[in-house]
file final09.pdb (PDB, C-alpha atoms)
MODEL        1
ATOM      1  CA  GLY O  25      13.265 -10.969   4.889  1.00  0.00           C
ATOM      2  CA  ALA O  26      10.827  -9.718   2.232  1.00  0.00           C
ATOM      3  CA  VAL O  27      12.471  -6.371   1.625  1.00  0.00           C
ATOM      4  CA  VAL O  28      11.592  -4.186  -1.326  1.00  0.00           C
ATOM      5  CA  SER O  29      13.761  -1.243  -2.272  1.00  0.00           C
ATOM      6  CA  GLN O  30      13.103   1.711  -4.540  1.00  0.00           C
ATOM      7  CA  HIS O  31      15.567   3.987  -6.190  1.00  0.00           C
ATOM      8  CA  PRO O  32      15.741   6.897  -6.125  1.00  0.00           C
ATOM      9  CA  SER O  33      13.922   7.843  -2.937  1.00  0.00           C
ATOM     10  CA  TRP O  34      13.317  11.296  -4.334  1.00  0.00           C
ATOM     11  CA  VAL O  35      13.917  13.048  -7.630  1.00  0.00           C
ATOM     12  CA  ILE O  36      13.437  16.559  -8.950  1.00  0.00           C
ATOM     13  CA  CYS O  37      13.375  17.035 -12.691  1.00  0.00           C
ATOM     14  CA  LYS O  38      12.527  19.605 -15.306  1.00  0.00           C
ATOM     15  CA  SER O  39       9.329  19.465 -17.268  1.00  0.00           C
ATOM     16  CA  GLY O  40       9.715  17.405 -20.435  1.00  0.00           C
ATOM     17  CA  THR O  41      12.372  15.056 -19.135  1.00  0.00           C
ATOM     18  CA  SER O  42      11.947  11.359 -18.395  1.00  0.00           C
ATOM     19  CA  VAL O  43      12.485   9.761 -15.020  1.00  0.00           C
ATOM     20  CA  LYS O  44      13.111   6.107 -14.266  1.00  0.00           C
ATOM     21  CA  ILE O  45      12.205   4.570 -10.919  1.00  0.00           C
ATOM     22  CA  GLU O  46      13.505   1.146  -9.946  1.00  0.00           C
ATOM     23  CA  CYS O  47      11.778  -1.354  -7.702  1.00  0.00           C
ATOM     24  CA  ARG O  48      13.750  -4.347  -6.443  1.00  0.00           C
ATOM     25  CA  SER O  49      12.848  -7.322  -4.305  1.00  0.00           C
ATOM     26  CA  LEU O  50      16.034  -7.889  -2.345  1.00  0.00           C
ATOM     27  CA  ASP O  51      15.593 -11.318  -0.829  1.00  0.00           C
ATOM     28  CA  PHE O  52      12.791 -12.989  -2.704  1.00  0.00           C
ATOM     29  CA  GLN O  53      11.535 -13.567  -6.198  1.00  0.00           C
ATOM     30  CA  ALA O  54       8.577 -11.532  -7.299  1.00  0.00           C
ATOM     31  CA  THR O  55       6.594 -12.738 -10.271  1.00  0.00           C
ATOM     32  CA  THR O  56       4.267  -9.781  -9.863  1.00  0.00           C
ATOM     33  CA  MET O  57       4.974  -6.196  -8.932  1.00  0.00           C
ATOM     34  CA  PHE O  58       2.469  -3.419  -8.511  1.00  0.00           C
ATOM     35  CA  TRP O  59       2.931   0.288  -9.072  1.00  0.00           C
ATOM     36  CA  TYR O  60       0.905   2.780  -7.080  1.00  0.00           C
ATOM     37  CA  ARG O  61       0.582   6.518  -7.058  1.00  0.00           C
ATOM     38  CA  GLN O  62      -0.351   8.472  -3.983  1.00  0.00           C
ATOM     39  CA  PHE O  63      -1.424  12.085  -3.824  1.00  0.00           C
ATOM     40  CA  PRO O  64      -1.070  14.048  -0.585  1.00  0.00           C
ATOM     41  CA  LYS O  65      -3.436  12.884   2.125  1.00  0.00           C
ATOM     42  CA  GLN O  66      -5.017  10.340  -0.186  1.00  0.00           C
ATOM     43  CA  SER O  67      -5.034   6.604  -0.526  1.00  0.00           C
ATOM     44  CA  LEU O  68      -2.954   4.612  -2.936  1.00  0.00           C
ATOM     45  CA  MET O  69      -4.105   4.420  -6.513  1.00  0.00           C
ATOM     46  CA  LEU O  70      -3.084   1.305  -8.388  1.00  0.00           C
ATOM     47  CA  MET O  71      -1.516   2.284 -11.692  1.00  0.00           C
ATOM     48  CA  ALA O  72      -0.479  -1.046 -13.135  1.00  0.00           C
ATOM     49  CA  THR O  73       0.323  -4.654 -12.429  1.00  0.00           C
ATOM     50  CA  SER O  74       3.631  -5.873 -13.764  1.00  0.00           C
ATOM     51  CA  ASN O  75       4.312  -9.537 -14.443  1.00  0.00           C
ATOM     52  CA  GLU O  76       7.805 -10.784 -15.101  1.00  0.00           C
ATOM     53  CA  GLY O  77       8.429 -11.348 -18.782  1.00  0.00           C
ATOM     54  CA  SER O  78       5.137  -9.968 -20.019  1.00  0.00           C
ATOM     55  CA  LYS O  79       3.458  -6.655 -20.664  1.00  0.00           C
ATOM     56  CA  ALA O  80       2.097  -4.710 -17.748  1.00  0.00           C
ATOM     57  CA  THR O  81      -1.629  -4.434 -17.170  1.00  0.00           C
ATOM     58  CA  TYR O  82      -2.660  -0.821 -16.712  1.00  0.00           C
ATOM     59  CA  GLU O  83      -5.629   0.405 -14.731  1.00  0.00           C
ATOM     60  CA  GLN O  84      -8.277   2.429 -16.458  1.00  0.00           C
ATOM     61  CA  GLY O  85      -7.233   6.007 -16.997  1.00  0.00           C
ATOM     62  CA  VAL O  86      -3.490   5.366 -16.712  1.00  0.00           C
ATOM     63  CA  GLU O  87      -1.593   6.230 -19.893  1.00  0.00           C
ATOM     64  CA  LYS O  88       0.648   3.300 -20.757  1.00  0.00           C
ATOM     65  CA  ASP O  89       2.738   5.397 -23.150  1.00  0.00           C
ATOM     66  CA  LYS O  90       3.438   7.892 -20.432  1.00  0.00           C
ATOM     67  CA  PHE O  91       4.122   5.445 -17.625  1.00  0.00           C
ATOM     68  CA  LEU O  92       6.338   2.757 -19.129  1.00  0.00           C
ATOM     69  CA  ILE O  93       6.738  -0.340 -17.026  1.00  0.00           C
ATOM     70  CA  ASN O  94       9.331  -3.022 -17.540  1.00  0.00           C
ATOM     71  CA  HIS O  95       9.635  -6.171 -15.463  1.00  0.00           C
ATOM     72  CA  ALA O  96      12.699  -7.805 -16.930  1.00  0.00           C
ATOM     73  CA  SER O  97      13.593 -10.118 -14.077  1.00  0.00           C
ATOM     74  CA  LEU O  98      12.087 -11.713 -11.004  1.00  0.00           C
ATOM     75  CA  THR O  99      13.661  -9.068  -8.792  1.00  0.00           C
ATOM     76  CA  LEU O 100      13.409  -5.842 -10.777  1.00  0.00           C
ATOM     77  CA  SER O 101      10.652  -3.712 -12.222  1.00  0.00           C
ATOM     78  CA  THR O 102      11.069  -0.185 -13.525  1.00  0.00           C
ATOM     79  CA  LEU O 103       8.618   2.638 -14.002  1.00  0.00           C
ATOM     80  CA  THR O 104       9.605   5.368 -16.450  1.00  0.00           C
ATOM     81  CA  VAL O 105       7.635   8.578 -16.410  1.00  0.00           C
ATOM     82  CA  THR O 106       8.128   9.934 -19.899  1.00  0.00           C
ATOM     83  CA  SER O 107       8.007  13.640 -20.738  1.00  0.00           C
ATOM     84  CA  ALA O 108       7.138  14.451 -17.164  1.00  0.00           C
ATOM     85  CA  HIS O 109       4.991  17.450 -16.344  1.00  0.00           C
ATOM     86  CA  PRO O 110       4.200  19.136 -13.018  1.00  0.00           C
ATOM     87  CA  GLU O 111       0.924  17.216 -12.728  1.00  0.00           C
ATOM     88  CA  ASP O 112       2.963  14.006 -12.616  1.00  0.00           C
ATOM     89  CA  SER O 113       4.486  15.127  -9.331  1.00  0.00           C
ATOM     90  CA  SER O 114       3.476  12.538  -6.787  1.00  0.00           C
ATOM     91  CA  PHE O 115       4.626   9.796  -4.459  1.00  0.00           C
ATOM     92  CA  TYR O 116       5.146   6.547  -6.349  1.00  0.00           C
ATOM     93  CA  ILE O 117       5.148   3.295  -4.441  1.00  0.00           C
ATOM     94  CA  CYS O 118       5.856  -0.191  -5.702  1.00  0.00           C
ATOM     95  CA  SER O 119       5.050  -3.503  -4.124  1.00  0.00           C
ATOM     96  CA  ALA O 120       6.115  -7.032  -4.901  1.00  0.00           C
ATOM     97  CA  ARG O 121       4.325 -10.296  -4.432  1.00  0.00           C
ATOM     98  CA  ASP O 122       6.484 -13.088  -3.106  1.00  0.00           C
ATOM     99  CA  LYS O 123       6.379 -16.002  -5.518  1.00  0.00           C
ATOM    100  CA  GLY O 124       7.091 -18.489  -2.775  1.00  0.00           C
ATOM    101  CA  GLU O 125       5.056 -17.072   0.075  1.00  0.00           C
ATOM    102  CA  GLY O 126       1.869 -18.990   0.826  1.00  0.00           C
ATOM    103  CA  THR O 127      -0.538 -16.122   1.044  1.00  0.00           C
ATOM    104  CA  ASN O 128       1.115 -14.179  -1.763  1.00  0.00           C
ATOM    105  CA  GLU O 129       1.309 -11.098   0.388  1.00  0.00           C
ATOM    106  CA  GLN O 130       2.491  -7.835  -1.102  1.00  0.00           C
ATOM    107  CA  PHE O 131       5.590  -6.168   0.296  1.00  0.00           C
ATOM    108  CA  PHE O 132       5.999  -2.460  -0.222  1.00  0.00           C
ATOM    109  CA  GLY O 133       8.906  -0.301  -1.167  1.00  0.00           C
ATOM    110  CA  PRO O 134       9.634   2.938   0.681  1.00  0.00           C
ATOM    111  CA  GLY O 135       8.320   5.083  -2.148  1.00  0.00           C
ATOM    112  CA  THR O 136       9.793   7.649  -4.537  1.00  0.00           C
ATOM    113  CA  ARG O 137       8.872  11.310  -4.309  1.00  0.00           C
ATOM    114  CA  LEU O 138       8.827  12.835  -7.804  1.00  0.00           C
ATOM    115  CA  THR O 139       8.739  16.591  -8.196  1.00  0.00           C
ATOM    116  CA  VAL O 140       8.505  18.006 -11.700  1.00  0.00           C
ATOM    117  CA  LEU O 141       9.362  21.679 -12.031  1.00  0.00           C
TER     118      LEU O 141
ATOM    119  CA  ALA G  24     -17.640  -5.299  -6.425  1.00  0.00           C
ATOM    120  CA  GLN G  25     -15.207  -5.510  -3.574  1.00  0.00           C
ATOM    121  CA  SER G  26     -14.672  -2.428  -1.487  1.00  0.00           C
ATOM    122  CA  VAL G  27     -13.218  -1.188   1.750  1.00  0.00           C
ATOM    123  CA  ALA G  28     -14.492   1.713   3.817  1.00  0.00           C
ATOM    124  CA  GLN G  29     -12.712   3.632   6.523  1.00  0.00           C
ATOM    125  CA  PRO G  30     -15.448   5.914   7.820  1.00  0.00           C
ATOM    126  CA  GLU G  31     -13.193   8.243   9.791  1.00  0.00           C
ATOM    127  CA  ASP G  32     -10.785  10.625   8.091  1.00  0.00           C
ATOM    128  CA  GLN G  33      -9.094  11.328  11.406  1.00  0.00           C
ATOM    129  CA  VAL G  34      -9.056   9.835  14.889  1.00  0.00           C
ATOM    130  CA  ASN G  35      -7.747  11.725  17.895  1.00  0.00           C
ATOM    131  CA  VAL G  36      -6.720   9.851  21.023  1.00  0.00           C
ATOM    132  CA  ALA G  37      -4.900  10.860  24.164  1.00  0.00           C
ATOM    133  CA  GLU G  38      -1.677   9.035  24.895  1.00  0.00           C
ATOM    134  CA  GLY G  39      -2.261   6.011  27.086  1.00  0.00           C
ATOM    135  CA  ASN G  40      -5.883   5.604  26.058  1.00  0.00           C
ATOM    136  CA  PRO G  41      -7.123   2.732  23.906  1.00  0.00           C
ATOM    137  CA  LEU G  42      -7.528   3.422  20.219  1.00  0.00           C
ATOM    138  CA  THR G  43      -9.745   2.018  17.487  1.00  0.00           C
ATOM    139  CA  VAL G  44      -9.494   2.682  13.771  1.00  0.00           C
ATOM    140  CA  LYS G  45     -12.536   1.413  11.920  1.00  0.00           C
ATOM    141  CA  CYS G  46     -12.701  -0.579   8.718  1.00  0.00           C
ATOM    142  CA  THR G  47     -15.604  -2.296   6.993  1.00  0.00           C
ATOM    143  CA  TYR G  48     -15.445  -4.350   3.853  1.00  0.00           C
ATOM    144  CA  SER G  49     -17.574  -5.808   1.112  1.00  0.00           C
ATOM    145  CA  VAL G  50     -16.316  -8.905  -0.657  1.00  0.00           C
ATOM    146  CA  SER G  51     -17.591 -12.029  -2.288  1.00  0.00           C
ATOM    147  CA  GLY G  52     -16.188 -15.110  -0.672  1.00  0.00           C
ATOM    148  CA  ASN G  53     -13.753 -15.233   2.201  1.00  0.00           C
ATOM    149  CA  PRO G  54     -11.910 -11.977   2.781  1.00  0.00           C
ATOM    150  CA  TYR G  55      -8.162 -11.572   3.068  1.00  0.00           C
ATOM    151  CA  LEU G  56      -7.805  -8.393   5.107  1.00  0.00           C
ATOM    152  CA  PHE G  57      -4.789  -6.241   5.854  1.00  0.00           C
ATOM    153  CA  TRP G  58      -3.770  -3.213   7.854  1.00  0.00           C
ATOM    154  CA  TYR G  59      -0.842  -1.033   6.867  1.00  0.00           C
ATOM    155  CA  VAL G  60       0.663   2.058   8.467  1.00  0.00           C
ATOM    156  CA  GLN G  61       2.348   4.920   6.659  1.00  0.00           C
ATOM    157  CA  TYR G  62       4.562   7.485   8.323  1.00  0.00           C
ATOM    158  CA  PRO G  63       5.119  10.868   6.614  1.00  0.00           C
ATOM    159  CA  ASN G  64       6.998  10.570   3.312  1.00  0.00           C
ATOM    160  CA  ARG G  65       7.492   6.869   3.845  1.00  0.00           C
ATOM    161  CA  GLY G  66       6.225   3.726   2.200  1.00  0.00           C
ATOM    162  CA  LEU G  67       3.718   1.414   3.773  1.00  0.00           C
ATOM    163  CA  GLN G  68       4.553  -0.904   6.610  1.00  0.00           C
ATOM    164  CA  PHE G  69       2.612  -4.081   7.157  1.00  0.00           C
ATOM    165  CA  LEU G  70       0.860  -4.310  10.521  1.00  0.00           C
ATOM    166  CA  LEU G  71      -1.238  -7.440  10.397  1.00  0.00           C
ATOM    167  CA  LYS G  72      -3.481  -9.599   8.276  1.00  0.00           C
ATOM    168  CA  TYR G  73      -6.462 -11.891   8.584  1.00  0.00           C
ATOM    169  CA  ILE G  74      -6.631 -14.928   6.355  1.00  0.00           C
ATOM    170  CA  THR G  75      -8.435 -17.501   8.434  1.00  0.00           C
ATOM    171  CA  GLY G  76      -8.552 -18.761  11.992  1.00  0.00           C
ATOM    172  CA  ASP G  77      -8.926 -16.719  15.147  1.00  0.00           C
ATOM    173  CA  ASN G  78     -10.967 -13.582  14.763  1.00  0.00           C
ATOM    174  CA  LEU G  79      -8.524 -11.611  16.880  1.00  0.00           C
ATOM    175  CA  VAL G  80      -5.299 -11.041  14.997  1.00  0.00           C
ATOM    176  CA  LYS G  81      -2.203  -9.709  16.690  1.00  0.00           C
ATOM    177  CA  GLY G  82       0.307  -7.684  14.740  1.00  0.00           C
ATOM    178  CA  SER G  83       3.287  -5.391  14.949  1.00  0.00           C
ATOM    179  CA  TYR G  84       3.854  -2.594  17.500  1.00  0.00           C
ATOM    180  CA  GLY G  85       1.178  -3.910  19.860  1.00  0.00           C
ATOM    181  CA  PHE G  86      -1.678  -3.539  17.384  1.00  0.00           C
ATOM    182  CA  GLU G  87      -4.437  -6.059  16.945  1.00  0.00           C
ATOM    183  CA  ALA G  88      -7.532  -6.301  14.805  1.00  0.00           C
ATOM    184  CA  GLU G  89     -10.817  -8.069  15.263  1.00  0.00           C
ATOM    185  CA  PHE G  90     -12.475  -9.752  12.328  1.00  0.00           C
ATOM    186  CA  ASN G  91     -16.262  -9.691  12.604  1.00  0.00           C
ATOM    187  CA  LYS G  92     -17.947 -11.551   9.798  1.00  0.00           C
ATOM    188  CA  SER G  93     -21.512 -10.626  10.718  1.00  0.00           C
ATOM    189  CA  GLN G  94     -20.665  -6.929  10.781  1.00  0.00           C
ATOM    190  CA  THR G  95     -18.166  -7.209   7.901  1.00  0.00           C
ATOM    191  CA  SER G  96     -15.691  -5.246   9.956  1.00  0.00           C
ATOM    192  CA  PHE G  97     -11.976  -5.454  10.670  1.00  0.00           C
ATOM    193  CA  HIS G  98     -11.274  -2.705  13.199  1.00  0.00           C
ATOM    194  CA  LEU G  99      -7.716  -1.963  14.261  1.00  0.00           C
ATOM    195  CA  LYS G 100      -7.115  -1.612  17.986  1.00  0.00           C
ATOM    196  CA  LYS G 101      -4.423  -0.940  20.530  1.00  0.00           C
ATOM    197  CA  PRO G 102      -4.932  -0.992  24.315  1.00  0.00           C
ATOM    198  CA  SER G 103      -2.673   1.962  25.082  1.00  0.00           C
ATOM    199  CA  ALA G 104      -1.757   4.534  22.455  1.00  0.00           C
ATOM    200  CA  LEU G 105       1.690   6.061  22.054  1.00  0.00           C
ATOM    201  CA  VAL G 106       2.518   9.414  20.498  1.00  0.00           C
ATOM    202  CA  SER G 107       4.702   7.512  18.038  1.00  0.00           C
ATOM    203  CA  ASP G 108       1.597   5.707  16.758  1.00  0.00           C
ATOM    204  CA  SER G 109       0.551   8.918  15.031  1.00  0.00           C
ATOM    205  CA  ALA G 110       0.460   8.081  11.326  1.00  0.00           C
ATOM    206  CA  LEU G 111      -1.805   7.248   8.421  1.00  0.00           C
ATOM    207  CA  TYR G 112      -3.478   3.848   8.600  1.00  0.00           C
ATOM    208  CA  PHE G 113      -4.855   1.937   5.652  1.00  0.00           C
ATOM    209  CA  CYS G 114      -7.153  -1.055   5.604  1.00  0.00           C
ATOM    210  CA  ALA G 115      -7.139  -3.249   2.499  1.00  0.00           C
ATOM    211  CA  VAL G 116      -8.746  -6.385   1.144  1.00  0.00           C
ATOM    212  CA  ARG G 117      -7.157  -8.651  -1.410  1.00  0.00           C
ATOM    213  CA  ASP G 118      -9.124  -9.513  -4.502  1.00  0.00           C
ATOM    214  CA  TYR G 119      -8.947 -12.642  -6.642  1.00  0.00           C
ATOM    215  CA  ASN G 120      -6.189 -11.090  -8.783  1.00  0.00           C
ATOM    216  CA  TYR G 121      -4.048 -10.570  -5.681  1.00  0.00           C
ATOM    217  CA  GLN G 122      -4.541  -6.844  -6.051  1.00  0.00           C
ATOM    218  CA  LEU G 123      -5.254  -4.886  -2.923  1.00  0.00           C
ATOM    219  CA  ILE G 124      -8.407  -2.824  -2.662  1.00  0.00           C
ATOM    220  CA  TRP G 125      -7.628   0.096  -0.372  1.00  0.00           C
ATOM    221  CA  GLY G 126      -9.591   2.137   2.080  1.00  0.00           C
ATOM    222  CA  ALA G 127      -9.168   5.895   1.950  1.00  0.00           C
ATOM    223  CA  GLY G 128      -6.960   5.930   5.014  1.00  0.00           C
ATOM    224  CA  THR G 129      -7.425   7.254   8.528  1.00  0.00           C
ATOM    225  CA  LYS G 130      -5.091   9.766  10.083  1.00  0.00           C
ATOM    226  CA  LEU G 131      -4.402   8.825  13.680  1.00  0.00           C
ATOM    227  CA  ILE G 132      -3.270  11.596  15.996  1.00  0.00           C
ATOM    228  CA  ILE G 133      -2.084  10.710  19.483  1.00  0.00           C
ATOM    229  CA  LYS G 134      -1.824  13.685  21.781  1.00  0.00           C
ATOM    230  CA  PRO G 135       0.542  13.693  24.758  1.00  0.00           C
TER     231      PRO G 135
ENDMDL
END

call {"tool": "encode", "arguments": {"input": "final09.pdb", "output": "structure tokens"}}
result
Amino acid sequence: GAVVSQHPSWVICKSGTSVKIECRSLDFQATTMFWYRQFPKQSLMLMATSNEGSKATYEQGVEKDKFLINHASLTLSTLTVTSAHPEDSSFYICSARDKGEGTNEQFFGPGTRLTVL
Amino acid sequence: AQSVAQPEDQVNVAEGNPLTVKCTYSVSGNPYLFWYVQYPNRGLQFLLKYITGDNLVKGSYGFEAEFNKSQTSFHLKKPSALVSDSALYFCAVRDYNYQLIWGAGTKLIIKP
């Protein structure tokens, strides 16, 4: 149980295009999902917290107009990188908090490698 | 402010030897502590957590961690390292918003 999937697992796009990344909780309901960004050999950086049915809360320094987050259902959140540029190339990881699990542990997706040319 | 420190960027251990990956924390109140492992180009995998109870927590793949309140530490340990344990290990503490505060990560290299 407690499986989180991400799609796609990797994507290569041209500069200026937009890319959508999906995060799904497969066997549980997630009222909250988190989006992280990870640069090579570095720790995870929290970008935003996404609550189902409400606007995402962005961390300081993260452009909300560039990184659009939608959490339309209890099992799906999407991150859209708009007008992507090479500096947006990174590993994006989502996690989901199980609504019903006692300790509200986060479960992580496998990550999406974005490369912007 | 809550924080997590992993003082070692890299730990090298010979296969079969015991390993320790260090983690110290600073929190207000009771800490919820986690260890995750990340293999190259992969997401994070949960290893173990401490919420309450016994100070020695057993987790996946033969790993365990010892919670030490007086030293504010939560070191990850394994009695006998395997080459396949080579990966990036992250310690984290959960804050009141259920967000995870992450350590910088420690690269563990197990040499045959």

call {"tool": "interface_residues", "arguments": {"input": "final09.pdb", "of": "chain G", "to": "chain O", "cutoff": "8 Å", "atoms": "only C-alpha atoms", "output": "MDAnalysis selection string"}}
result
chainID G and resid 64:69 113 121 125:128

call {"tool": "write_last_selection", "arguments": {"input": "final09.pdb", "atoms": "C-alpha atoms", "output": "compact mmCIF listing (two decimals), keeping the file's coordinate frame"}}
result
# COMPACT_ATOMS: atom_id res chain seq x y z
CA ASN G 64 7.00 10.57 3.31
CA ARG G 65 7.49 6.87 3.84
CA GLY G 66 6.22 3.73 2.20
CA LEU G 67 3.72 1.41 3.77
CA GLN G 68 4.55 -0.90 6.61
CA PHE G 69 2.61 -4.08 7.16
CA PHE G 113 -4.86 1.94 5.65
CA TYR G 121 -4.05 -10.57 -5.68
CA TRP G 125 -7.63 0.10 -0.37
CA GLY G 126 -9.59 2.14 2.08
CA ALA G 127 -9.17 5.90 1.95
CA GLY G 128 -6.96 5.93 5.01

call {"tool": "resolve_selection", "arguments": {"input": "final09.pdb", "expression": "the PyMOL selection byres ((chain G and resi 75) around 12)", "output": "PyMOL selection string"}}
result
(chain O and resi 127) or (chain G and resi 53-56+72-74+76-80+89-92)

call {"tool": "write_last_selection", "arguments": {"input": "final09.pdb", "atoms": "C-alpha atoms", "output": "tab-separated table (two decimals), keeping the file's coordinate frame"}}
result
chain	number	residue	atom	x	y	z
O	127	THR	CA	-0.54	-16.12	1.04
G	53	ASN	CA	-13.75	-15.23	2.20
G	54	PRO	CA	-11.91	-11.98	2.78
G	55	TYR	CA	-8.16	-11.57	3.07
G	56	LEU	CA	-7.80	-8.39	5.11
G	72	LYS	CA	-3.48	-9.60	8.28
G	73	TYR	CA	-6.46	-11.89	8.58
G	74	ILE	CA	-6.63	-14.93	6.36
G	76	GLY	CA	-8.55	-18.76	11.99
G	77	ASP	CA	-8.93	-16.72	15.15
G	78	ASN	CA	-10.97	-13.58	14.76
G	79	LEU	CA	-8.52	-11.61	16.88
G	80	VAL	CA	-5.30	-11.04	15.00
G	89	GLU	CA	-10.82	-8.07	15.26
G	90	PHE	CA	-12.48	-9.75	12.33
G	91	ASN	CA	-16.26	-9.69	12.60
G	92	LYS	CA	-17.95	-11.55	9.80

call {"tool": "residues_around", "arguments": {"input": "final09.pdb", "residues": "stretch 39-47 of chain O", "least_positions_apart": "2", "cutoff": "6 Å", "atoms": "all atoms listed in the file", "output": "list in words"}}
result
Ser29, Gln30, His31, Leu100, Ser101, Thr102, Leu103, Thr104, Val105, Thr106, Ser107, Ala108, His109, Val140 and Leu141 of chain O

call {"tool": "closest_residue", "arguments": {"input": "final09.pdb", "among": "G:Ser49, G:Gln25, G:Gln33, G:Gln61", "to": "O:Gln62", "atoms": "all atoms listed in the file"}}
result
G:Gln61

call {"tool": "resolve_selection", "arguments": {"input": "final09.pdb", "expression": "the PyMOL selection byres ((chain G and resi 108) around 10)", "output": "list in words"}}
result
Glu38, Val60, Tyr62, Tyr84, Phe86, Lys101, Ala104, Leu105, Val106, Ser107, Ser109, Ala110, Leu111, Tyr112, Leu131, Ile132 and Ile133 of chain G

call {"tool": "closest_residue", "arguments": {"input": "final09.pdb", "among": "G:Gly52, G:Gly82, G:Pro135, G:Pro102", "to": "G:Asn35", "atoms": "all atoms listed in the file"}}
result
G:Pro135

call {"tool": "resolve_selection", "arguments": {"input": "final09.pdb", "expression": "the PyMOL selection byres ((chain G and resi 28) around 8)", "output": "compact mmCIF listing (two decimals) with C-alpha atoms, in the frame of the given file"}}
result
# COMPACT_ATOMS: atom_id res chain seq x y z
CA SER G 26 -14.67 -2.43 -1.49
CA VAL G 27 -13.22 -1.19 1.75
CA GLN G 29 -12.71 3.63 6.52
CA PRO G 30 -15.45 5.91 7.82
CA CYS G 46 -12.70 -0.58 8.72
CA THR G 47 -15.60 -2.30 6.99
CA TYR G 48 -15.44 -4.35 3.85
CA GLY G 126 -9.59 2.14 2.08
CA ALA G 127 -9.17 5.90 1.95

call {"tool": "atom_distance", "arguments": {"input": "final09.pdb", "atom1": "atom CA of O:Ala96", "atom2": "atom CA of O:Asn75"}}
result
8.9 Å

call {"tool": "axis_aligned_box", "arguments": {"input": "final09.pdb", "around": "stretch 90-107 of chain G", "padding_each_side": "5 Å", "output": "lines of an AutoDock Vina configuration file"}}
result
center_x = -8.4
center_y = -1.1
center_z = 16.5
size_x = 36.2
size_y = 31.0
size_z = 27.2

call {"tool": "atom_distance", "arguments": {"input": "final09.pdb", "atom1": "atom CA of G:Tyr59", "atom2": "atom CA of O:Ser78"}}
result
29.0 Å

call {"tool": "closest_residue", "arguments": {"input": "final09.pdb", "among": "O:Val27, O:Leu98, O:Pro110, O:Arg61", "to": "O:Val86", "atoms": "all atoms listed in the file"}}
result
O:Arg61

call {"tool": "closest_residue", "arguments": {"input": "final09.pdb", "among": "G:Lys100, G:Thr129, G:Val36, G:Thr95", "to": "G:Lys81", "atoms": "only C-alpha atoms"}}
result
G:Lys100

call {"tool": "atom_distance", "arguments": {"input": "final09.pdb", "atom1": "atom CA of G:Ser96", "atom2": "atom CA of G:Pro41"}}
result
18.2 Å

call {"tool": "decode", "arguments": {"input": "final09.pdb", "residues": "stretch 69-73 of chain G", "atoms": "all heavy atoms", "output": "tab-separated table (two decimals), in the first residue's frame"}}
result
chain	number	residue	atom	x	y	z
G	69	PHE	N	11.35	5.13	1.96
G	69	PHE	CA	11.28	5.21	3.41
G	69	PHE	C	12.06	4.05	4.04
G	69	PHE	O	11.93	2.91	3.63
G	69	PHE	CB	9.81	5.16	3.83
G	69	PHE	CG	9.58	4.99	5.29
G	69	PHE	CD1	9.70	6.06	6.15
G	69	PHE	CD2	9.22	3.76	5.80
G	69	PHE	CE1	9.45	5.91	7.51
G	69	PHE	CE2	8.97	3.59	7.15
G	69	PHE	CZ	9.09	4.66	8.00
G	70	LEU	N	12.88	4.38	5.03
G	70	LEU	CA	13.62	3.35	5.76
G	70	LEU	C	13.02	3.08	7.12
G	70	LEU	O	12.76	1.92	7.48
G	70	LEU	CB	15.08	3.76	5.94
G	70	LEU	CG	16.04	3.53	4.78
G	70	LEU	CD1	17.42	4.03	5.16
G	70	LEU	CD2	16.08	2.07	4.39
G	71	LEU	N	12.85	4.15	7.89
G	71	LEU	CA	12.32	3.98	9.24
G	71	LEU	C	11.94	5.33	9.81
G	71	LEU	O	12.29	6.37	9.26
G	71	LEU	CB	13.35	3.29	10.14
G	71	LEU	CG	14.77	3.84	10.19
G	71	LEU	CD1	14.90	5.05	11.09
G	71	LEU	CD2	15.76	2.76	10.64
G	72	LYS	N	11.24	5.27	10.94
G	72	LYS	CA	10.82	6.51	11.59
G	72	LYS	C	10.79	6.30	13.10
G	72	LYS	O	10.62	5.17	13.60
G	72	LYS	CB	9.43	6.94	11.10
G	72	LYS	CG	8.33	5.95	11.45
G	72	LYS	CD	7.00	6.39	10.85
G	72	LYS	CE	5.91	5.35	11.13
G	72	LYS	NZ	4.64	5.69	10.44
G	73	TYR	N	10.94	7.40	13.80
G	73	TYR	CA	10.77	7.42	15.25
G	73	TYR	C	9.65	8.40	15.58
G	73	TYR	O	9.72	9.58	15.21
G	73	TYR	CB	12.05	7.84	15.98
G	73	TYR	CG	11.82	8.03	17.46
G	73	TYR	CD1	11.83	6.95	18.33
G	73	TYR	CD2	11.56	9.30	17.98
G	73	TYR	CE1	11.59	7.11	19.68
G	73	TYR	CE2	11.31	9.46	19.34
G	73	TYR	CZ	11.32	8.37	20.17
G	73	TYR	OH	11.07	8.54	21.51
